[in-house]
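This report refers to the structure that appears directly beneath it.
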Amino acid sequence: MEWWKKSVVYQIYVKSFQDSNNDGIGDLQGIVSRLDYLEKLGVDVLWLTPIYKSPNDDNGYDISDYYQIQPEFGTMEDFEELLEKAHEKQIKIILDVVFNHTSDEHHWFKESQSSKDNPYRDYYIWKEPKEGDVPNNWTSCFQGSAWEFDANTKEYYLHLFSKKQPDLNWQNPKVRQECYDIMNYWVDKGVDGFRLDVINVISKDESQYYVDSSIKGHKVCANGPHVHEYIQEMNQKVFSRKELLTVGETPAVTIEDGKKYAPLDNSELSMIFQFELMDVDGGETNKWSDQRFILKDLKQIMSRWQEGMYQKAWNSLFWNNHDQPRCVSRFGDTSTALYHEKSAKMLAICLHMMQGTPYIYQGEELGMTNVPFKSLNDYRDIETYNSYKQLVEIEKKVAHEDMLRYMLKSSRDHARTPMQWNKGKNAGFSNQTPWIMVNPNYLTINAEDEINNSNSIFYTYQKLIQLRKTYEIIILGKYELIMKDDENIFAYKRLYKDEEMIVYCNFSNQEVGYDPSILNDEKILIKNYEKHQKGILKPYESIVFYQKSRA
Ligand code: TEU
Ligand code: CA
């Protein structure tokens, strides 16, 4: 079996993990200094958000040089040291590569922009105006038109994200080769794989450049005509060289698409991130709202992906990442300290007992929560700012106070505040004022306290990682939803050979009952209350039963 099917990945948002030189910005040496912590947690792989040179319009997702380390993160030597020290601990490292677009400060774009006959012109997507205006009505994922006019050459370039993130032209074989060369450079250095940013929007439909669309943002280019050809080519030129973990970020995919992007024959990617679950409470289409999820919808989405991909393609499992609010705030309950702890553990159990490769987002293992940002000034994220401007100031659709409330629920910055290491200054992240505020709850939620408390959320994650290494049923078992219509309990079975597992998760703050007669001769693999009373789940209680041979 491929190593990445048995692995648990830990996502590091480099800028906010650990600052080693007290400039208020996390860095590579900071990660080196925390490897012991990660080893203790037991994760197999680290996914680092982009570490390359970037003007930081979108925190590193706008790359100006793929062969250089962002100076504020350190040097190439620092990266090599991190890779070596991680490997000594049997921890692998995957890099985040952004190939749908570059920074407008990348030398390819500067060349491309300089004249229509520059050899790099065709590296990007340039279109003539239509009747003196934009070619079509496509919008950027970060608000406004996806087209930016260039006064020098009198054409528009496409940017599905900010105007400082021009889209690359994947039709051009030279562009493709550049991207493969970049990946091979990093593979030669010893990295163990890649997370590929919005990889399913790279193939644009040529016939649509002068056609308006009702689809908003980058999804208008999702799953384009040549996307599978390109990924297969990438697979041949890069992925087939070594057993790499490759995970494609793929918004707007169906299960059918998923099977094509992450087939078991490894002809494309190892796995994808699909976002259907992230839309359960409004998500991207209606992200700026008050909507809360309904458990039945959540169960239905997760179950469909578990069943649909089974023995056909490989799933990834995640509750949150650097673009999403904190999962315990979103799907759990932070209203009391007890509910916070129980619901954080329950969510962990619920996800980690499913089929697929689990991803833990930094601080999730501590139950880090959304942040009580007070004013617009507390935020840093371009998406949040642009959305505020668009909805409150330009369209005047949303009132200032309402928008601030929606931001408290949905801003990407909730995930991006510094990792909470201890009770010290700035939560032990840095001696210098960090680039974004620290969540004031670091006095009660921090790594040091949790390490010293054998009953903490941290140890639930540690145990879940160990269980995955011990019980093959967790990796390979067939998934089966039970208690389908229950509005409070998410319960499912896993079936493998003669073995059986049942996972119960109470998503409510009520005591609820379940039928305890389904299993006999079982043992408990993990739970989140000290004592379990059969047939009853206390608020946010979760428990996993296992039996070796089915009756
Ligand atoms: O995100 C792509 C993506 O699909 C976004 O729409 C994401 O879902 C959104 O930010 C949620 O609000 C990737 C990166 O993860 C993100 O950080 C980058 O900003 C974006 O690509 C552009 O590179
Ligand atoms: Ca630093």
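Ordering of the structure tokens sets the chain letters (A, B, ...); residue numbers start at 1 within each chain; ligands are numbered from 1 in the order shown.
Within the 10 Å cut-off around Asn100 (chain A), using only C-alpha atoms and omitting residues fewer than 5 positions from it on the same chain, the listed residues are His159, Leu160, Phe161, Gln165, Pro166, Asp167, Leu168, Asn169, Trp170, Leu196, Asp197, Val198, Ile199, Asn200, Val201, Ile202 and Ser203 of chain A.
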Go ahead and write the selection's residues with C-alpha atoms as a compact mmCIF listing (two decimals), in the first residue's frame.
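This went into selection_20.txt:
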# COMPACT_ATOMS: atom_id res chain seq x y z
CA HIS A 159 -6.65 36.82 -13.11
CA LEU A 160 -9.06 34.47 -11.37
CA PHE A 161 -7.68 35.74 -8.06
CA GLN A 165 -2.02 36.95 -9.53
CA PRO A 166 -2.17 36.69 -13.36
CA ASP A 167 -3.26 33.27 -14.66
CA LEU A 168 -0.71 31.19 -16.52
CA ASN A 169 -1.56 29.90 -19.97
CA TRP A 170 -1.44 26.11 -19.66
CA LEU A 196 -1.31 21.74 -5.88
CA ASP A 197 -3.21 24.97 -5.49
CA VAL A 198 -6.50 25.19 -7.47
CA ILE A 199 -5.13 22.66 -9.93
CA ASN A 200 -8.51 21.96 -11.50
CA VAL A 201 -8.90 25.48 -12.91
CA ILE A 202 -5.72 25.50 -15.03
CA SER A 203 -7.38 24.47 -18.29
Self-check item: Gln432 (chain A) surroundings by only C-alpha atoms, 6 Å radius, close-in-sequence under 4 positions cut, as a PyMOL selection string
Solution: chain A and resi 22-24
Self-check item: Residue neighbourhood Ala415 (chain A), 8 Å, only C-alpha atoms, exclusion window fewer than 2 positions, as a PyMOL selection string
Solution: chain A and resi 321-326+370+412-413+417
Those same residues, written as a compact mmCIF listing (two decimals), in the first residue's frame with N, CA, C and O atoms?
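See out.txt below for the written result:
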# COMPACT_ATOMS: atom_id res chain seq x y z
N ASN A 321 -8.76 24.41 7.05
CA ASN A 321 -7.43 24.69 6.53
C ASN A 321 -7.19 26.20 6.65
O ASN A 321 -7.95 26.87 7.35
N HIS A 322 -6.19 26.71 5.97
CA HIS A 322 -5.84 28.13 6.11
C HIS A 322 -6.84 29.07 5.44
O HIS A 322 -6.72 30.28 5.54
N ASP A 323 -7.82 28.52 4.71
CA ASP A 323 -8.85 29.34 4.05
C ASP A 323 -10.19 29.27 4.77
O ASP A 323 -11.17 29.85 4.30
N GLN A 324 -10.23 28.52 5.85
CA GLN A 324 -11.52 28.23 6.49
C GLN A 324 -11.49 28.65 7.95
O GLN A 324 -10.44 28.66 8.57
N PRO A 325 -12.69 28.95 8.51
CA PRO A 325 -12.71 29.22 9.95
C PRO A 325 -12.33 27.97 10.73
O PRO A 325 -12.24 26.87 10.18
N ARG A 326 -12.12 28.10 12.00
CA ARG A 326 -11.72 26.99 12.86
C ARG A 326 -12.88 26.01 13.04
O ARG A 326 -14.01 26.41 13.32
N ASN A 370 -12.03 30.28 16.52
CA ASN A 370 -12.11 31.56 15.83
C ASN A 370 -11.69 32.68 16.78
O ASN A 370 -11.66 32.50 18.00
N ARG A 412 -11.00 34.15 6.55
CA ARG A 412 -9.86 33.22 6.51
C ARG A 412 -8.85 33.52 7.62
O ARG A 412 -8.06 32.67 7.99
N ASP A 413 -8.90 34.75 8.15
CA ASP A 413 -7.92 35.11 9.19
C ASP A 413 -8.10 34.34 10.49
O ASP A 413 -7.16 34.26 11.29
N THR A 417 -4.11 33.26 12.76
CA THR A 417 -3.45 33.91 13.90
C THR A 417 -2.38 32.95 14.45
O THR A 417 -2.43 31.75 14.20
Exercise. For each of A:Gln29, A:Asn509, A:Gln420, A:Gln236, take the minimum atom-to-atom distance to ligand 2, counting only C-alpha atoms and all ligand atoms, then give the residue where this is smallest.
Key: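 Comparing A:Gln29, A:Asn509, A:Gln420, A:Gln236 against ligand 2, the winner is A:Gln29.
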Practice problem: Output as a PyMOL selection string all residues of region 250-395 of chain A that backbone DSSP marks as strand (DSSP E). | Solution: chain A and resi 271-273+316-317+357-361
Please dump the current selection as a PDB file, in the first residue's frame; keep N, CA and C atoms.
ATOM      1  N   MET A 271      -4.629  12.217  -4.284  1.00  0.00           N
ATOM      2  CA  MET A 271      -5.931  12.546  -3.670  1.00  0.00           C
ATOM      3  C   MET A 271      -6.250  14.004  -3.949  1.00  0.00           C
ATOM      4  N   ILE A 272      -7.479  14.378  -3.677  1.00  0.00           N
ATOM      5  CA  ILE A 272      -7.878  15.776  -3.873  1.00  0.00           C
ATOM      6  C   ILE A 272      -8.507  16.320  -2.584  1.00  0.00           C
ATOM      7  N   PHE A 273      -8.520  17.646  -2.506  1.00  0.00           N
ATOM      8  CA  PHE A 273      -9.370  18.309  -1.515  1.00  0.00           C
ATOM      9  C   PHE A 273     -10.629  18.734  -2.255  1.00  0.00           C
ATOM     10  N   SER A 316      -9.293  12.622   0.772  1.00  0.00           N
ATOM     11  CA  SER A 316      -8.598  13.317   1.850  1.00  0.00           C
ATOM     12  C   SER A 316      -9.676  13.698   2.860  1.00  0.00           C
ATOM     13  N   LEU A 317      -9.264  13.873   4.105  1.00  0.00           N
ATOM     14  CA  LEU A 317     -10.218  14.216   5.156  1.00  0.00           C
ATOM     15  C   LEU A 317      -9.771  15.499   5.842  1.00  0.00           C
ATOM     16  N   THR A 357      -6.965  10.111   3.812  1.00  0.00           N
ATOM     17  CA  THR A 357      -5.800  10.634   4.518  1.00  0.00           C
ATOM     18  C   THR A 357      -6.217  11.877   5.299  1.00  0.00           C
ATOM     19  N   PRO A 358      -6.137  11.822   6.641  1.00  0.00           N
ATOM     20  CA  PRO A 358      -6.560  12.982   7.431  1.00  0.00           C
ATOM     21  C   PRO A 358      -5.525  14.107   7.430  1.00  0.00           C
ATOM     22  N   TYR A 359      -6.020  15.324   7.410  1.00  0.00           N
ATOM     23  CA  TYR A 359      -5.187  16.527   7.493  1.00  0.00           C
ATOM     24  C   TYR A 359      -5.565  17.268   8.769  1.00  0.00           C
ATOM     25  N   ILE A 360      -4.554  17.591   9.563  1.00  0.00           N
ATOM     26  CA  ILE A 360      -4.772  18.377  10.779  1.00  0.00           C
ATOM     27  C   ILE A 360      -4.226  19.765  10.502  1.00  0.00           C
ATOM     28  N   TYR A 361      -5.026  20.774  10.697  1.00  0.00           N
ATOM     29  CA  TYR A 361      -4.542  22.141  10.476  1.00  0.00           C
ATOM     30  C   TYR A 361      -3.946  22.691  11.769  1.00  0.00           C
TER      31      TYR A 361
END
Quiz item: So, counting only C-alpha atoms and all ligand atoms, which residue among A:Gln143, A:Asn235, A:Gln18, A:Ser542 is closest to ligand 2?
Solution: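 Looking only at the distances to ligand 2, the closest residue turns out to be A:Gln18.
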Exercise. Mind checking which residues fall within 7 Å of Pro129 (chain A), counting only C-alpha atoms, ignoring those fewer than 6 positions away in the same chain, and posting them as an MDAnalysis selection string?
Key: chainID A and resid 135 155:156
Could the residues in this selection be saved with N, CA and C atoms as a PDB file, in the first residue's frame?
ATOM      1  N   PRO A 135     -13.382  41.413 -21.961  1.00  0.00           N
ATOM      2  CA  PRO A 135     -13.848  40.368 -22.883  1.00  0.00           C
ATOM      3  C   PRO A 135     -15.148  39.685 -22.430  1.00  0.00           C
ATOM      4  N   GLU A 155      -4.304  45.413 -24.005  1.00  0.00           N
ATOM      5  CA  GLU A 155      -5.062  44.165 -23.887  1.00  0.00           C
ATOM      6  C   GLU A 155      -5.335  43.887 -22.408  1.00  0.00           C
ATOM      7  N   TYR A 156      -6.273  42.958 -22.195  1.00  0.00           N
ATOM      8  CA  TYR A 156      -6.598  42.535 -20.828  1.00  0.00           C
ATOM      9  C   TYR A 156      -5.887  41.233 -20.495  1.00  0.00           C
TER      10      TYR A 156
END
Quiz item: Hey, which of A:Ser115, A:Gln510, A:Thr369, A:Ser410 ends up closest to Ala151 (chain A)? Count only C-alpha atoms.
Solution: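 Under the stated criterion, the closest residue is A:Ser115.
The space between CA of Asp205 (chain A) and CA of Lys163 (chain A) spans 20.4 Å.
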Quiz prompt | Residues within 9 Å of Tyr461 (chain A), only C-alpha atoms, excluding chain neighbours under 5 positions, as a ChimeraX atom specification | solution = /A:41-42,345,348-349,352,360,365-366,466
Write the residues of the selection above to a file with C-alpha atoms, as a tab-separated table (two decimals), in the first residue's frame.
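The resulting file, selection23.tsv, is shown below:
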chain	number	residue	atom	x	y	z
A	41	LEU	CA	1.86	14.32	18.13
A	42	GLY	CA	2.83	11.55	15.74
A	345	LYS	CA	-12.50	15.74	20.50
A	348	ALA	CA	-11.52	14.71	15.66
A	349	ILE	CA	-12.88	11.21	16.25
A	352	HIS	CA	-10.25	10.37	11.76
A	360	ILE	CA	-4.77	18.38	10.78
A	365	GLU	CA	-5.05	19.55	17.77
A	366	LEU	CA	-5.33	22.09	20.60
A	466	GLN	CA	-1.79	5.74	16.67
